[in-house]
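Undergrad: Got a structure here, written out as structure tokens. Questions coming.
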Amino acid sequence: MSALKIKKGSSKHSAYNLRPNFSDVTEVHTIAVLVENEPGVLARVIGLFSGRGYNIDSLTVAEVDHQGHLSRITIVTSGTPQVIEQIKAQLGRIVSVRDVHDLTVEGASVERELALFKVQGAGEKRVEALRLADIFRAQVVDSTLESFVFQLTGTPDKIDAFADLMRPLGLAEVARTGVAALARGA
């Protein structure tokens, strides 16, 4: 009797799906976590990421309910779909965590970031920096004879594009708040 010639991963001759159901594609996800505002909560959340070698691309934290002592942590992270699911599951197991939402999966969301840019320059570079700031709707929040400080609010992509254009004009410093995000609709 000859052996069956079944290709690896084939389910034609088997009751089991032998194909791997995981992906090695890295995705970027925005996760909103509602936590009780108490000492050590942020350290536990950060510890979850650092202890498992996950990266945080952006992190914002603020108290959103003074009466209920609740804070919202918005985390932008990247990983395979399995890693993202594991992150959400492990966040949900932390005692002080009330709610975990993956805004990337749940539908449309609004993401904004605030950035400050210090641009140093004179002459034509100074004029060009002001012109570009006007196009991007950046506000001048400080001005000296040698530099400007621009304030810009928008998506992370918009802020990256503004920074790329300001670099050749004398970009000296950048400060970014990180992404704040909310789901759209009801």
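Ligands are numbered from 1 in the order shown, chains are lettered A, B, ... in the order of the structure tokens, and residues start at 1 in each chain.
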Going by DSSP on the backbone, which bits of stretch 72-171 of chain A are alpha helix (DSSP H)? Write them as a PyMOL selection string, please.

TA: chain A and resi 81-93+103-106+124-135+156-166

Undergrad: Excluding A:Val119 and its own-chain neighbours fewer than 4 positions away, which residues fall within 12 Å of it when counting only C-alpha atoms? Please give them as a PyMOL selection string.

TA: chain A and resi 125-130+132-133+140-151+162-163+165-174

Undergrad: So that I can check the surroundings of A:Phe136, please list as a CSV table (one decimal) with N, CA and C atoms, in the first residue's frame every protein, DNA and RNA residue that reaches within 10 Å of it, counting only C-alpha atoms and ignoring chain neighbours fewer than 6 positions away.

TA:
chain,number,residue,atom,x,y,z
A,130,LEU,N,7.5,81.1,7.1
A,130,LEU,CA,6.2,81.8,7.4
A,130,LEU,C,5.2,81.4,6.3
A,152,LEU,N,1.3,73.6,15.7
A,152,LEU,CA,0.5,72.9,14.7
A,152,LEU,C,-0.3,71.7,15.3
A,153,THR,N,-1.5,71.7,14.9
A,153,THR,CA,-2.4,70.6,15.3
A,153,THR,C,-2.9,69.8,14.1
A,154,GLY,N,-2.8,68.5,14.1
A,154,GLY,CA,-3.3,67.7,13.0
A,154,GLY,C,-3.0,66.3,13.2
A,158,LYS,N,0.4,64.8,8.9
A,158,LYS,CA,0.5,66.3,8.6
A,158,LYS,C,1.7,66.9,9.4
A,159,ILE,N,1.9,66.5,10.6
A,159,ILE,CA,3.0,67.0,11.4
A,159,ILE,C,4.3,66.5,10.9
A,161,ALA,N,4.9,65.8,7.7
A,161,ALA,CA,5.1,66.5,6.5
A,161,ALA,C,5.6,67.9,6.8
A,162,PHE,N,5.1,68.6,7.8
A,162,PHE,CA,5.5,69.9,8.1
A,162,PHE,C,7.0,69.9,8.6

Undergrad: Please report as a Markdown table every residue of stretch 110-166 of chain A lying within 12 Å of stretch 64-84 of chain A, along with the nearest atom pair and their distance in Å (one decimal), using only C-alpha atoms.

TA:
| residue | atom | partner | partner_atom | distance |
| --- | --- | --- | --- | --- |
| A:Glu111 | CA | A:Thr74 | CA | 10.2 |
| A:Arg112 | CA | A:Thr74 | CA | 11.3 |
| A:Glu113 | CA | A:Thr74 | CA | 11.5 |
| A:Pro156 | CA | A:Val76 | CA | 11.0 |

Undergrad: Please save C-alpha atoms of the selected residues as an mmCIF file, in the first residue's frame.

TA:
data_model
loop_
_atom_site.group_PDB
_atom_site.id
_atom_site.type_symbol
_atom_site.label_atom_id
_atom_site.label_comp_id
_atom_site.auth_asym_id
_atom_site.auth_seq_id
_atom_site.Cartn_x
_atom_site.Cartn_y
_atom_site.Cartn_z
ATOM 1 C CA GLU A 111 -6.771 61.349 15.645
ATOM 2 C CA ARG A 112 -4.977 64.601 16.426
ATOM 3 C CA GLU A 113 -1.579 65.581 17.737
ATOM 4 C CA PRO A 156 0.610 62.608 12.700
#

Undergrad: Using Å and a single decimal, report how far atom CA of A:Asp57 sits from atom CA of A:Gly185.

TA: 25.7 Å

Undergrad: Sorted by chain and rising residue number, list the residues of stretch 106-163 of chain A at most 12 Å from stretch 29-36 of chain A (counting only C-alpha atoms), each with its closest atom pair and distance in Å to one decimal, as CSV.

TA:
residue,atom,partner,partner_atom,distance
A:Glu106,CA,A:Ile31,CA,10.1
A:Gly107,CA,A:Thr30,CA,11.2
A:Ala108,CA,A:Thr30,CA,11.3
A:Ser109,CA,A:Thr30,CA,9.4
A:Val110,CA,A:Thr30,CA,10.6
A:Glu111,CA,A:Thr30,CA,9.0
A:Arg112,CA,A:Thr30,CA,11.7

Undergrad: Print the selection's residues with all heavy atoms to a file, as a PDB file, in the first residue's frame.

TA:
ATOM      1  N   GLU A 106     -12.404  49.156  15.409  1.00  0.00           N
ATOM      2  CA  GLU A 106     -13.801  49.452  15.706  1.00  0.00           C
ATOM      3  C   GLU A 106     -14.466  50.401  14.719  1.00  0.00           C
ATOM      4  O   GLU A 106     -15.661  50.622  14.799  1.00  0.00           O
ATOM      5  CB  GLU A 106     -13.927  49.998  17.125  1.00  0.00           C
ATOM      6  CG  GLU A 106     -13.613  48.958  18.175  1.00  0.00           C
ATOM      7  CD  GLU A 106     -13.695  49.492  19.584  1.00  0.00           C
ATOM      8  OE1 GLU A 106     -14.107  50.650  19.771  1.00  0.00           O
ATOM      9  OE2 GLU A 106     -13.345  48.734  20.495  1.00  0.00           O
ATOM     10  N   GLY A 107     -13.726  50.974  13.815  1.00  0.00           N
ATOM     11  CA  GLY A 107     -14.332  51.862  12.823  1.00  0.00           C
ATOM     12  C   GLY A 107     -13.597  53.182  12.747  1.00  0.00           C
ATOM     13  O   GLY A 107     -12.473  53.328  13.230  1.00  0.00           O
ATOM     14  N   ALA A 108     -14.265  54.147  12.140  1.00  0.00           N
ATOM     15  CA  ALA A 108     -13.642  55.449  11.929  1.00  0.00           C
ATOM     16  C   ALA A 108     -13.360  56.153  13.249  1.00  0.00           C
ATOM     17  O   ALA A 108     -14.154  56.075  14.188  1.00  0.00           O
ATOM     18  CB  ALA A 108     -14.540  56.320  11.058  1.00  0.00           C
ATOM     19  N   SER A 109     -12.235  56.827  13.307  1.00  0.00           N
ATOM     20  CA  SER A 109     -11.870  57.587  14.503  1.00  0.00           C
ATOM     21  C   SER A 109     -11.197  58.886  14.086  1.00  0.00           C
ATOM     22  O   SER A 109     -10.760  59.044  12.953  1.00  0.00           O
ATOM     23  CB  SER A 109     -10.942  56.771  15.416  1.00  0.00           C
ATOM     24  OG  SER A 109      -9.727  56.494  14.765  1.00  0.00           O
ATOM     25  N   VAL A 110     -11.135  59.804  15.030  1.00  0.00           N
ATOM     26  CA  VAL A 110     -10.471  61.089  14.812  1.00  0.00           C
ATOM     27  C   VAL A 110      -9.188  61.072  15.634  1.00  0.00           C
ATOM     28  O   VAL A 110      -9.232  60.824  16.842  1.00  0.00           O
ATOM     29  CB  VAL A 110     -11.373  62.263  15.258  1.00  0.00           C
ATOM     30  CG1 VAL A 110     -10.653  63.587  15.089  1.00  0.00           C
ATOM     31  CG2 VAL A 110     -12.676  62.257  14.482  1.00  0.00           C
ATOM     32  N   GLU A 111      -8.066  61.313  14.968  1.00  0.00           N
ATOM     33  CA  GLU A 111      -6.771  61.349  15.645  1.00  0.00           C
ATOM     34  C   GLU A 111      -6.140  62.713  15.427  1.00  0.00           C
ATOM     35  O   GLU A 111      -6.093  63.201  14.307  1.00  0.00           O
ATOM     36  CB  GLU A 111      -5.832  60.273  15.096  1.00  0.00           C
ATOM     37  CG  GLU A 111      -6.261  58.868  15.382  1.00  0.00           C
ATOM     38  CD  GLU A 111      -5.232  57.837  14.933  1.00  0.00           C
ATOM     39  OE1 GLU A 111      -4.197  58.223  14.334  1.00  0.00           O
ATOM     40  OE2 GLU A 111      -5.466  56.651  15.173  1.00  0.00           O
ATOM     41  N   ARG A 112      -5.656  63.309  16.510  1.00  0.00           N
ATOM     42  CA  ARG A 112      -4.977  64.601  16.426  1.00  0.00           C
ATOM     43  C   ARG A 112      -3.769  64.588  17.340  1.00  0.00           C
ATOM     44  O   ARG A 112      -3.729  63.904  18.355  1.00  0.00           O
ATOM     45  CB  ARG A 112      -5.907  65.748  16.835  1.00  0.00           C
ATOM     46  CG  ARG A 112      -7.046  66.002  15.876  1.00  0.00           C
ATOM     47  CD  ARG A 112      -6.521  66.540  14.550  1.00  0.00           C
ATOM     48  NE  ARG A 112      -7.583  66.803  13.619  1.00  0.00           N
ATOM     49  CZ  ARG A 112      -8.007  65.959  12.693  1.00  0.00           C
ATOM     50  NH1 ARG A 112      -7.490  64.762  12.606  1.00  0.00           N
ATOM     51  NH2 ARG A 112      -8.964  66.302  11.860  1.00  0.00           N
TER      52      ARG A 112
END

Undergrad: Run DSSP on the backbone of this structure and report the residues of stretch 14-178 of chain A it assigns to strand (DSSP E), as a count of residues only.

TA: 67

Undergrad: Between atom CA of A:Tyr54 and atom CA of A:Lys88, what distance in Å does the model show, to one decimal?

TA: 12.2 Å
